>>> print(open('final25.txt').read())   # compact mmCIF, C-alpha atoms
# COMPACT_ATOMS: atom_id res chain seq x y z
CA MET A 1 19.32 -13.41 -0.22
CA ASN A 2 18.26 -10.32 -2.18
CA ASP A 3 20.40 -8.07 -0.01
CA LEU A 4 23.42 -9.53 -1.82
CA VAL A 5 22.77 -7.46 -4.95
CA THR A 6 22.11 -3.72 -5.08
CA VAL A 7 21.35 -1.29 -7.89
CA VAL A 8 23.88 1.32 -9.02
CA GLY A 9 23.22 3.34 -12.13
CA GLY A 10 20.19 1.20 -12.90
CA LYS A 11 22.25 -2.01 -13.00
CA PRO A 12 22.39 -4.82 -10.44
CA VAL A 13 25.85 -4.99 -8.86
CA VAL A 14 27.78 -6.48 -5.95
CA THR A 15 30.94 -5.23 -4.27
CA SER A 16 34.31 -6.86 -4.03
CA LYS A 17 34.07 -6.46 -0.24
CA GLN A 18 30.87 -8.51 -0.14
CA VAL A 19 32.46 -11.26 -2.22
CA ALA A 20 35.54 -11.33 0.02
CA ASP A 21 33.40 -11.50 3.16
CA HIS A 22 31.12 -14.25 1.86
CA PHE A 23 33.64 -16.44 0.06
CA GLY A 24 36.17 -16.45 2.90
CA VAL A 25 39.21 -16.38 0.65
CA LYS A 26 42.69 -16.49 2.13
CA GLY A 27 44.03 -12.96 2.01
CA GLY A 28 40.51 -11.51 2.26
CA HIS A 29 39.53 -8.38 0.42
CA ARG A 30 43.13 -7.55 -0.54
CA TYR A 31 43.31 -10.83 -2.44
CA ILE A 32 39.99 -10.16 -4.19
CA LEU A 33 41.21 -6.67 -5.19
CA SER A 34 44.39 -8.15 -6.66
CA VAL A 35 42.42 -10.76 -8.61
CA ILE A 36 40.10 -8.07 -10.00
CA ARG A 37 43.03 -5.85 -10.98
CA GLY A 38 44.55 -8.83 -12.79
CA LEU A 39 41.25 -9.56 -14.54
CA ILE A 40 40.99 -5.94 -15.67
CA GLU A 41 44.58 -5.96 -16.91
CA LYS A 42 44.22 -9.26 -18.77
CA SER A 43 40.74 -8.66 -20.22
CA GLY A 44 41.23 -5.03 -21.30
CA ASP A 45 38.05 -3.17 -22.27
CA PHE A 46 35.85 -6.03 -21.10
CA GLY A 47 37.21 -5.84 -17.55
CA GLU A 48 37.13 -2.06 -17.46
CA GLN A 49 33.41 -2.17 -18.26
CA LYS A 50 32.62 -4.87 -15.70
CA TYR A 51 34.46 -3.46 -12.66
CA LEU A 52 33.89 0.06 -11.33
CA LEU A 53 36.40 1.32 -8.77
CA SER A 54 34.72 2.73 -5.68
CA SER A 55 35.38 2.87 -1.94
CA TYR A 56 33.87 1.98 1.42
CA THR A 57 34.50 3.02 5.00
CA SER A 58 35.98 0.30 7.18
CA SER A 59 35.08 -0.42 10.80
CA GLN A 60 38.24 1.56 11.71
CA ASN A 61 36.71 4.55 9.85
CA LYS A 62 39.24 4.31 7.00
CA VAL A 63 38.22 4.88 3.38
CA LEU A 64 39.38 1.83 1.42
CA PRO A 65 39.06 0.81 -2.24
CA CYS A 66 36.53 -1.69 -3.51
CA TYR A 67 34.97 -2.52 -6.85
CA TYR A 68 31.36 -2.66 -7.96
CA MET A 69 30.86 -5.46 -10.45
CA ASP A 70 27.95 -6.46 -12.62
CA ARG A 71 26.82 -10.03 -13.24
CA ASP A 72 29.54 -10.68 -15.82
CA GLY A 73 32.26 -9.24 -13.61
CA PHE A 74 31.03 -11.31 -10.67
CA THR A 75 30.89 -14.46 -12.80
CA LEU A 76 34.41 -13.94 -14.10
CA LEU A 77 35.71 -13.38 -10.56
CA ALA A 78 33.69 -16.24 -9.03
CA MET A 79 35.14 -18.71 -11.54
CA ARG A 80 38.53 -18.03 -9.94
CA LEU A 81 37.37 -18.76 -6.37
CA THR A 82 37.48 -22.32 -5.12
CA THR A 83 37.19 -21.97 -1.36
CA ASP A 84 35.06 -24.31 0.75
CA GLY A 85 31.51 -23.12 0.32
CA ALA A 86 32.30 -21.12 -2.85
CA LEU A 87 29.74 -23.02 -4.91
CA GLU A 88 27.02 -22.26 -2.38
CA TRP A 89 27.80 -18.52 -2.51
CA GLN A 90 28.13 -18.54 -6.30
CA ILE A 91 24.62 -19.97 -6.56
CA LYS A 92 23.23 -17.50 -4.01
CA TYR A 93 24.68 -14.54 -5.92
CA ILE A 94 23.45 -15.83 -9.28
CA GLU A 95 19.96 -16.24 -7.80
CA ALA A 96 20.15 -12.76 -6.30
CA PHE A 97 21.19 -11.26 -9.65
CA ASN A 98 18.30 -13.07 -11.33
CA ALA A 99 15.82 -11.81 -8.72
CA MET A 100 17.08 -8.24 -8.97
CA GLU A 101 16.94 -8.27 -12.77
CA ARG A 102 13.36 -9.63 -12.67
CA GLU A 103 12.39 -6.95 -10.16
CA LEU A 104 13.94 -4.18 -12.23
CA ALA A 105 12.26 -5.48 -15.38
CA SER A 106 8.82 -5.84 -13.77
CA GLY A 107 8.87 -2.61 -11.81
CA SER A 108 10.88 -0.39 -14.12
CA ALA A 109 7.89 1.64 -15.34
CA LYS A 110 6.57 2.20 -11.82
CA PHE A 111 10.06 2.88 -10.45
CA GLY A 112 10.76 5.29 -13.29
CA SER A 113 7.54 7.24 -12.72
CA VAL A 114 8.23 7.54 -8.98
CA MET A 115 11.80 8.62 -9.70
CA ASP A 116 10.52 11.19 -12.22
CA ALA A 117 8.07 12.50 -9.62
CA LEU A 118 10.85 12.67 -7.02
CA ASN A 119 13.13 14.55 -9.42
CA ASP A 120 10.30 16.95 -10.33
CA ALA A 121 9.54 17.56 -6.66
CA CYS A 122 13.21 18.28 -5.92
CA ARG A 123 13.48 20.66 -8.90
CA LEU A 124 10.30 22.50 -7.87
CA MET A 125 11.52 22.77 -4.28
CA GLU A 126 14.87 24.17 -5.43
CA SER A 127 13.14 26.63 -7.75
CA ASP A 128 10.89 27.90 -4.96
CA LYS A 129 13.86 28.13 -2.62
CA GLN A 130 15.76 30.26 -5.13
CA LYS A 131 12.76 32.55 -5.55
CA ALA A 132 12.45 32.93 -1.80
CA SER A 133 16.10 33.80 -1.34
CA ALA A 134 15.94 36.34 -4.18
CA PHE A 135 13.14 38.23 -2.49
CA GLY A 136 13.29 39.00 1.20
CA GLN A 137 9.51 39.06 1.53
CA GLY A 138 9.39 35.65 -0.15
CA LEU A 139 11.24 34.12 2.75
CA HIS A 140 8.07 34.05 4.80
CA GLU A 141 6.26 32.34 1.92
CA TRP A 142 9.11 29.85 1.55
CA ARG A 143 8.78 28.85 5.20
CA LYS A 144 5.15 27.93 4.56
CA LEU A 145 5.94 26.02 1.35
CA ARG A 146 9.04 24.27 2.67
CA LYS A 147 7.12 21.90 4.94
CA GLU A 148 4.89 20.80 2.05
CA HIS A 149 7.91 20.23 -0.19
CA MET A 150 9.78 18.28 2.47
CA GLU A 151 6.77 16.05 3.15
CA ARG A 152 6.32 15.36 -0.57
CA VAL A 153 10.01 14.57 -1.11
CA GLU A 154 10.12 12.33 2.00
CA LYS A 155 7.04 10.41 0.82
CA LEU A 156 8.57 9.89 -2.62
CA HIS A 157 11.87 8.78 -1.04
CA THR A 158 9.90 6.22 0.96
CA ASP A 159 8.06 5.07 -2.19
CA VAL A 160 11.36 4.61 -4.01
CA GLN A 161 12.80 2.60 -1.10
CA LEU A 162 9.69 0.41 -1.00
CA LEU A 163 10.11 -0.35 -4.71
CA LEU A 164 13.71 -1.41 -4.11
CA ASN A 165 12.93 -3.45 -0.99
CA PHE A 166 13.17 -7.19 -1.62
CA LYS A 167 12.03 -8.56 1.71
>>> encode(input="final25.txt", output="structure tokens")
Amino acid sequence: MNDLVTVVGGKPVVTSKQVADHFGVKGGHRYILSVIRGLIEKSGDFGEQKYLLSSYTSSQNKVLPCYYMDRDGFTLLAMRLTTDGALEWQIKYIEAFNAMERELASGSAKFGSVMDALNDACRLMESDKQKASAFGQGLHEWRKLRKEHMERVEKLHTDVQLLLNFK
């Protein structure tokens, strides 16, 4: 259930494509996009803050539009959907938003410290790389340091993924 909601910019969100796939609306994702565009148009600033235009790559390898939406955007959209099984999916998404928000609230300090460490490691690696490229003799030193940096960054990437894993 927790794979329904993801984090973008520190906020739990879902995509219009997910909603279209799960709710089984007639007209599919195109219909969902048109409903969202109408909601944005009718609600003004509120809608513009709740729906973020993005894109995804289809199974035919085409880049197509979609929207990220937060809890409020999802709720506003879901109130418009009355397909068979819509209530079941509305409840699942609400529960997934609740779980994600609890997880972000409980693990935010730990997640933040791991993210800070990851950012520091990336900055240090880039700094050392720039030093190495500026000095020809430093290239040999960079080759020795690079493996350590890559291992540290990979470990921190894994730690971040573990913190976001909801299995």
>>> closest_atom_pairs(input="final25.txt", of="segment 70-113 of chain A", to="segment 25-49 of chain A", cutoff="9 Å", atoms="all atoms listed in the file", output="JSON lines")
{"residue": "A:Asp70", "atom": "CA", "partner": "A:Gln49", "partner_atom": "CA", "distance": 8.9}
{"residue": "A:Gly73", "atom": "CA", "partner": "A:Gly47", "partner_atom": "CA", "distance": 7.2}
{"residue": "A:Leu76", "atom": "CA", "partner": "A:Leu39", "partner_atom": "CA", "distance": 8.1}
{"residue": "A:Leu77", "atom": "CA", "partner": "A:Ile36", "partner_atom": "CA", "distance": 6.9}
{"residue": "A:Arg80", "atom": "CA", "partner": "A:Val35", "partner_atom": "CA", "distance": 8.4}
{"residue": "A:Leu81", "atom": "CA", "partner": "A:Val25", "partner_atom": "CA", "distance": 7.6}
{"residue": "A:Thr82", "atom": "CA", "partner": "A:Val25", "partner_atom": "CA", "distance": 8.5}
{"residue": "A:Thr83", "atom": "CA", "partner": "A:Val25", "partner_atom": "CA", "distance": 6.3}
{"residue": "A:Asp84", "atom": "CA", "partner": "A:Val25", "partner_atom": "CA", "distance": 9.0}
>>> atom_distance(input="final25.txt", atom1="atom CA of Thr158 of chain A", atom2="atom CA of Gly9 of chain A")
18.9 Å
>>> atom_distance(input="final25.txt", atom1="atom CA of Thr15 of chain A", atom2="atom CA of Ala78 of chain A")
12.3 Å
>>> atom_distance(input="final25.txt", atom1="atom CA of Asp120 of chain A", atom2="atom CA of Lys155 of chain A")
13.3 Å
>>> residues_around(input="final25.txt", residues="Arg146 of chain A", least_positions_apart="5", cutoff="9 Å", atoms="all atoms listed in the file", output="count of residues only")
5
>>> residues_around(input="final25.txt", residues="segment 62-69 of chain A", least_positions_apart="5", cutoff="8 Å", atoms="all atoms listed in the file", output="PDB file with C-alpha atoms, in the frame of the given file")
ATOM      1  CA  VAL A  13      25.850  -4.990  -8.860  1.00  0.00           C
ATOM      2  CA  VAL A  14      27.780  -6.480  -5.950  1.00  0.00           C
ATOM      3  CA  THR A  15      30.940  -5.230  -4.270  1.00  0.00           C
ATOM      4  CA  SER A  16      34.310  -6.860  -4.030  1.00  0.00           C
ATOM      5  CA  LYS A  17      34.070  -6.460  -0.240  1.00  0.00           C
ATOM      6  CA  LEU A  33      41.210  -6.670  -5.190  1.00  0.00           C
ATOM      7  CA  LYS A  50      32.620  -4.870 -15.700  1.00  0.00           C
ATOM      8  CA  TYR A  51      34.460  -3.460 -12.660  1.00  0.00           C
ATOM      9  CA  LEU A  52      33.890   0.060 -11.330  1.00  0.00           C
ATOM     10  CA  LEU A  53      36.400   1.320  -8.770  1.00  0.00           C
ATOM     11  CA  SER A  54      34.720   2.730  -5.680  1.00  0.00           C
ATOM     12  CA  SER A  55      35.380   2.870  -1.940  1.00  0.00           C
ATOM     13  CA  TYR A  56      33.870   1.980   1.420  1.00  0.00           C
ATOM     14  CA  THR A  57      34.500   3.020   5.000  1.00  0.00           C
ATOM     15  CA  PHE A  74      31.030 -11.310 -10.670  1.00  0.00           C
TER      16      PHE A  74
END
